[in-house]
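See below for start_12.txt, which holds compact mmCIF, C-alpha atoms.
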# COMPACT_ATOMS: atom_id res chain seq x y z
CA GLY A 23 -6.60 1.65 24.63
CA LEU A 24 -8.87 -1.31 24.13
CA VAL A 25 -8.15 -3.72 21.28
CA ASN A 26 -10.88 -5.96 19.86
CA GLN A 27 -9.75 -8.57 17.36
CA ARG A 28 -11.89 -10.67 15.07
CA GLU A 29 -10.47 -13.66 13.24
CA VAL A 30 -12.20 -14.90 10.10
CA GLY A 31 -13.38 -18.46 10.63
CA VAL A 32 -13.27 -18.18 14.43
CA HIS A 33 -15.22 -15.00 15.34
CA THR A 34 -16.76 -14.06 12.00
CA HIS A 35 -17.54 -15.44 8.56
CA SER A 36 -15.84 -12.75 6.47
CA PHE A 37 -13.71 -9.61 6.56
CA SER A 38 -16.68 -7.51 5.52
CA THR A 39 -18.86 -8.86 8.35
CA ALA A 40 -16.07 -8.17 10.85
CA LEU A 41 -15.57 -4.65 9.49
CA ARG A 42 -19.27 -3.82 9.74
CA SER A 43 -19.37 -5.20 13.27
CA ALA A 44 -16.27 -3.21 14.26
CA LEU A 45 -17.86 0.05 13.07
CA ARG A 46 -20.76 -0.41 15.50
CA GLU A 47 -18.18 -0.11 18.30
CA ASP A 48 -17.03 3.33 17.07
CA PRO A 49 -13.30 2.56 16.81
CA ASP A 50 -10.56 5.16 16.37
CA VAL A 51 -8.39 2.81 14.29
CA VAL A 52 -9.30 -0.18 12.13
CA LEU A 53 -6.75 -2.75 10.95
CA VAL A 54 -7.76 -4.92 8.00
CA GLY A 55 -5.37 -7.88 7.88
CA GLU A 56 -5.62 -8.19 4.11
CA MET A 57 -7.84 -6.58 1.49
CA ARG A 58 -8.62 -9.65 -0.62
CA ASP A 59 -11.90 -8.85 -2.31
CA LEU A 60 -13.99 -6.01 -3.69
CA GLU A 61 -16.38 -5.86 -0.74
CA THR A 62 -13.56 -5.59 1.80
CA ILE A 63 -11.80 -2.87 -0.21
CA ALA A 64 -15.06 -0.92 -0.65
CA LEU A 65 -15.80 -1.16 3.08
CA ALA A 66 -12.25 -0.12 4.04
CA LEU A 67 -12.62 2.98 1.82
CA GLU A 68 -16.04 3.71 3.32
CA VAL A 69 -14.65 3.42 6.86
CA ALA A 70 -11.76 5.76 5.96
CA GLN A 71 -14.22 8.27 4.49
CA THR A 72 -16.06 8.40 7.82
CA GLY A 73 -12.87 9.68 9.45
CA HIS A 74 -11.48 6.45 10.89
CA LEU A 75 -7.79 5.65 10.52
CA VAL A 76 -7.60 2.43 8.51
CA PHE A 77 -4.47 0.31 8.18
CA ALA A 78 -4.66 -2.48 5.62
CA THR A 79 -2.38 -4.89 3.83
CA LEU A 80 -2.39 -5.80 0.17
CA HIS A 81 0.00 -8.02 -1.76
CA THR A 82 1.58 -5.57 -4.20
CA THR A 83 5.16 -4.57 -4.98
CA SER A 84 4.88 -0.79 -5.17
CA ALA A 85 2.83 2.26 -4.20
CA VAL A 86 1.58 2.60 -7.77
CA GLY A 87 0.76 -1.11 -7.84
CA THR A 88 -1.25 -0.73 -4.63
CA ILE A 89 -3.31 2.16 -6.01
CA GLU A 90 -3.90 0.39 -9.32
CA ARG A 91 -4.90 -2.87 -7.60
CA ILE A 92 -7.46 -1.06 -5.43
CA VAL A 93 -8.94 0.89 -8.35
CA GLY A 94 -8.78 -2.14 -10.66
CA MET A 95 -10.99 -4.20 -8.35
CA PHE A 96 -13.96 -2.00 -9.27
CA ASP A 97 -16.00 -1.95 -12.48
CA SER A 98 -14.78 0.62 -15.01
CA GLU A 99 -17.82 2.88 -14.45
CA LYS A 100 -16.98 3.16 -10.72
CA GLN A 101 -13.23 3.68 -11.09
CA ALA A 102 -13.32 7.49 -11.35
CA GLN A 103 -15.34 7.67 -8.10
CA ILE A 104 -12.94 5.25 -6.40
CA ARG A 105 -9.94 7.29 -7.56
CA ASP A 106 -11.57 10.38 -6.04
CA SER A 107 -12.26 8.56 -2.78
CA LEU A 108 -8.77 7.10 -2.62
CA ALA A 109 -7.20 10.49 -3.37
CA ASP A 110 -9.21 11.99 -0.49
CA VAL A 111 -8.45 9.37 2.19
CA LEU A 112 -5.07 7.83 1.33
CA LEU A 113 -2.38 8.97 3.76
CA GLY A 114 0.43 6.74 2.58
CA VAL A 115 1.63 3.43 1.22
CA VAL A 116 4.60 1.38 2.41
CA SER A 117 5.68 -1.50 0.18
CA GLN A 118 8.12 -4.14 1.37
CA THR A 119 10.28 -6.39 -0.78
CA LEU A 120 12.42 -9.08 0.85
CA LEU A 121 15.88 -9.77 -0.55
CA ARG A 122 18.61 -12.30 0.13
CA ARG A 123 21.15 -10.66 2.38
CA ILE A 124 24.89 -11.06 1.76
CA GLY A 125 26.06 -13.53 4.37
CA GLY A 126 22.64 -15.17 4.74
CA GLY A 127 19.16 -14.34 5.83
CA ARG A 128 16.77 -11.79 4.40
CA ILE A 129 16.52 -8.01 4.52
CA GLY A 130 13.69 -5.68 3.56
CA ALA A 131 13.77 -2.92 0.99
CA TYR A 132 11.00 -0.34 1.27
CA GLU A 133 9.12 2.06 -0.96
CA VAL A 134 7.32 4.81 0.94
CA MET A 135 4.72 7.13 -0.55
CA MET A 136 3.24 9.82 1.66
CA SER A 137 0.21 11.45 0.10
CA SER A 138 0.29 15.10 -0.93
CA PRO A 139 -1.98 17.34 -2.99
CA ALA A 140 0.18 16.57 -6.06
CA ILE A 141 -0.03 12.80 -5.55
CA ALA A 142 -3.79 13.04 -4.84
CA ASN A 143 -4.23 14.84 -8.18
CA LEU A 144 -2.23 12.16 -10.00
CA ILE A 145 -4.51 9.50 -8.48
CA ARG A 146 -7.65 11.43 -9.51
CA GLU A 147 -6.37 12.06 -13.05
CA MET A 148 -5.33 8.42 -13.69
CA LYS A 149 -1.67 9.45 -13.91
CA THR A 150 -0.41 7.13 -11.16
CA VAL A 151 2.62 6.10 -13.24
CA GLN A 152 4.00 9.61 -12.60
CA ILE A 153 3.95 9.00 -8.82
CA THR A 154 7.24 7.11 -9.02
CA SER A 155 9.11 10.31 -9.96
CA TYR A 156 7.68 12.03 -6.87
CA LEU A 157 9.09 9.35 -4.57
CA SER A 158 12.76 10.15 -5.20
CA ALA A 159 12.15 13.90 -5.37
CA GLY A 160 9.94 14.01 -2.28
CA ARG A 161 12.35 12.73 0.36
CA SER A 162 11.65 15.77 2.55
CA GLN A 163 7.99 14.64 2.77
CA GLY A 164 9.07 11.14 3.83
CA ASN A 165 8.92 9.51 0.40
CA GLN A 166 11.40 6.89 -0.78
CA SER A 167 11.51 4.93 -4.01
CA LEU A 168 12.22 1.22 -3.93
CA GLU A 169 15.25 1.81 -6.17
CA ASP A 170 16.70 4.37 -3.73
CA ASP A 171 16.42 1.87 -0.89
CA LEU A 172 17.82 -0.97 -3.02
CA ASN A 173 20.82 1.21 -3.97
CA SER A 174 21.36 2.06 -0.32
CA LEU A 175 21.43 -1.66 0.56
CA VAL A 176 23.91 -2.31 -2.28
CA MET A 177 26.17 0.58 -1.18
CA LYS A 178 26.13 -0.72 2.40
CA LYS A 179 27.11 -4.15 0.99
CA LEU A 180 24.06 -5.76 2.58
CA VAL A 181 22.65 -6.93 -0.76
CA ALA A 182 24.41 -8.00 -3.97
CA PRO A 183 23.73 -5.75 -7.00
CA GLU A 184 22.34 -8.75 -8.92
CA GLU A 185 19.82 -9.44 -6.16
CA ALA A 186 18.77 -5.77 -6.05
CA LYS A 187 18.32 -5.73 -9.84
CA ARG A 188 16.26 -8.92 -9.68
CA LYS A 189 13.84 -7.33 -7.18
CA SER A 190 13.74 -3.87 -8.78
CA LEU A 191 10.90 -2.58 -10.92
CA SER A 192 13.55 -0.53 -12.78
CA PRO A 193 16.76 -2.65 -12.82
CA GLY A 194 18.60 -0.06 -14.93
CA GLN A 195 18.54 2.34 -11.95
CA ILE A 196 20.38 -0.06 -9.65
CA LEU A 197 24.10 0.57 -8.99
CA GLY A 198 26.75 -2.03 -9.79
Written as C-alpha cells, how would this file's structure read?
Amino acid sequence: GLVNQREVGVHTHSFSTALRSALREDPDVVLVGEMRDLETIALALEVAQTGHLVFATLHTTSAVGTIERIVGMFDSEKQAQIRDSLADVLLGVVSQTLLRRIGGGRIGAYEVMMSSPAIANLIREMKTVQITSYLSAGRSQGNQSLEDDLNSLVMKKLVAPEEAKRKSLSPGQILG
C-alpha cells in the first residue's frame, strides 16, 4: 500500500490540519502520532466513526487511564456523547510500562484491553473502573492486566518484585 506521512512543523502546522488533509485522500488506516489536545482527539474519534481504522498514542499508564483521559478532555456536557462514541469505535488499548530488567536494560510490561459489548457498556455507563476486573478474566478475548504481566516477569526472574510493585497500579497484587 501507499503510505503518506505528514510531520508537524515540516509538512503541516498541526495534527488537526494533517488529519483533515489525510481524510481528503480517503485512507484505509490513519496513524495519529500522539493525541495531545482536544481538537486532535475529537478529530480522531470523528475519523474512526466514519469507518477508518485509527491508531493513536496517548501518554497514559492503563486502559482505564486512556479512556478517562480521552473523555476528560471534553467539557462535562459533552462527556456522555464522547463515552457513547468511544464505546462504539474503540477496538482496543495497549498500555506499555518500562521496567528495569534484572541484569541491566529495560523490559516492557503490557496491559491489553480488547473491546467487547460488556466493556463498551462500562464505558457508556461511566463505570470504567470495573474494566480492570475484565482484563484478568477475559484472557480468552486477548485481554491482559498490567499486574498479570508484571507477575509473569517476576516469575520468569526478568524483573525484581520491588521494581514490579513500584510500576504497578495495584502493588498488593504483585508476587514476592
Pick from A:Ala85, A:Leu45, A:Ala182, A:Val69 nearest to A:Val151, counting only C-alpha atoms
A:Ala85
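Nearest residue to A:Ile196 among A:Asn143, A:Thr150, A:Ser155, A:Asn173 is A:Asn173, counting all atoms listed in the file.
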Please write as a ChimeraX atom specification the list of polymer residues whose atoms come within 9 Å of (8.6, 5.9, -1.2), counting all atoms listed in the file and keeping to the coordinates of the file.
/A:84-85,115-117,132-136,154,156-158,160-161,164-168,170-171
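Here atom CA of A:Glu169 and atom CA of A:Ala131 stand 8.7 Å from one another.
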Is it possible to get the residues within 10 Å of (-13.9, 9.7, 10.3) (coordinates as in the file, counting all atoms listed in the file) written as an MDAnalysis selection string?
chainID A and resid 48:51 68:76 111
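With atom CA of A:Leu80 on one side and atom CA of A:Ala102 on the other, the separation reads 20.7 Å.
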Could you tell me how far atom CA of A:Thr62 lies from atom CA of A:Ile141, in Å and to one decimal?
24.0 Å
Please determine, counting all atoms listed in the file, which residue among A:Ala64, A:Ile129, A:Ala40, A:Leu144 has the shortest atom-to-atom distance to A:Val176.
A:Ile129
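Using only C-alpha atoms for every distance, the candidate list A:Arg28, A:Arg122, A:Arg91, A:His35 yields A:Arg91 as the residue closest to A:Asp59.
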Nearest residue to A:Ile63 from the set A:Gly94, A:Gly198, A:Pro183, A:Gly125 (distances using all atoms listed in the file)
A:Gly94
Can you report as JSON the centre and edge lengths in Å, to one decimal, of an axis-aligned box around the listed atoms of stretch 113-132 of chain A padded with 4 Å on each side?
{"center_x": 11.8, "center_y": -3.1, "center_z": 2.5, "size_x": 36.4, "size_y": 32.1, "size_z": 14.6}
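Minimum atom-to-atom distance to A:Ser174, evaluated using all atoms listed in the file, belongs to A:Gly130 out of A:Ser162, A:Leu191, A:Gly130, A:Thr79.
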Do you know which residues are at most 9 Å from A:Lys189 counting all atoms listed in the file, after dropping those on the same chain fewer than 6 positions away, and could you put them as a VMD selection string?
chain A and resid 119 to 121 172
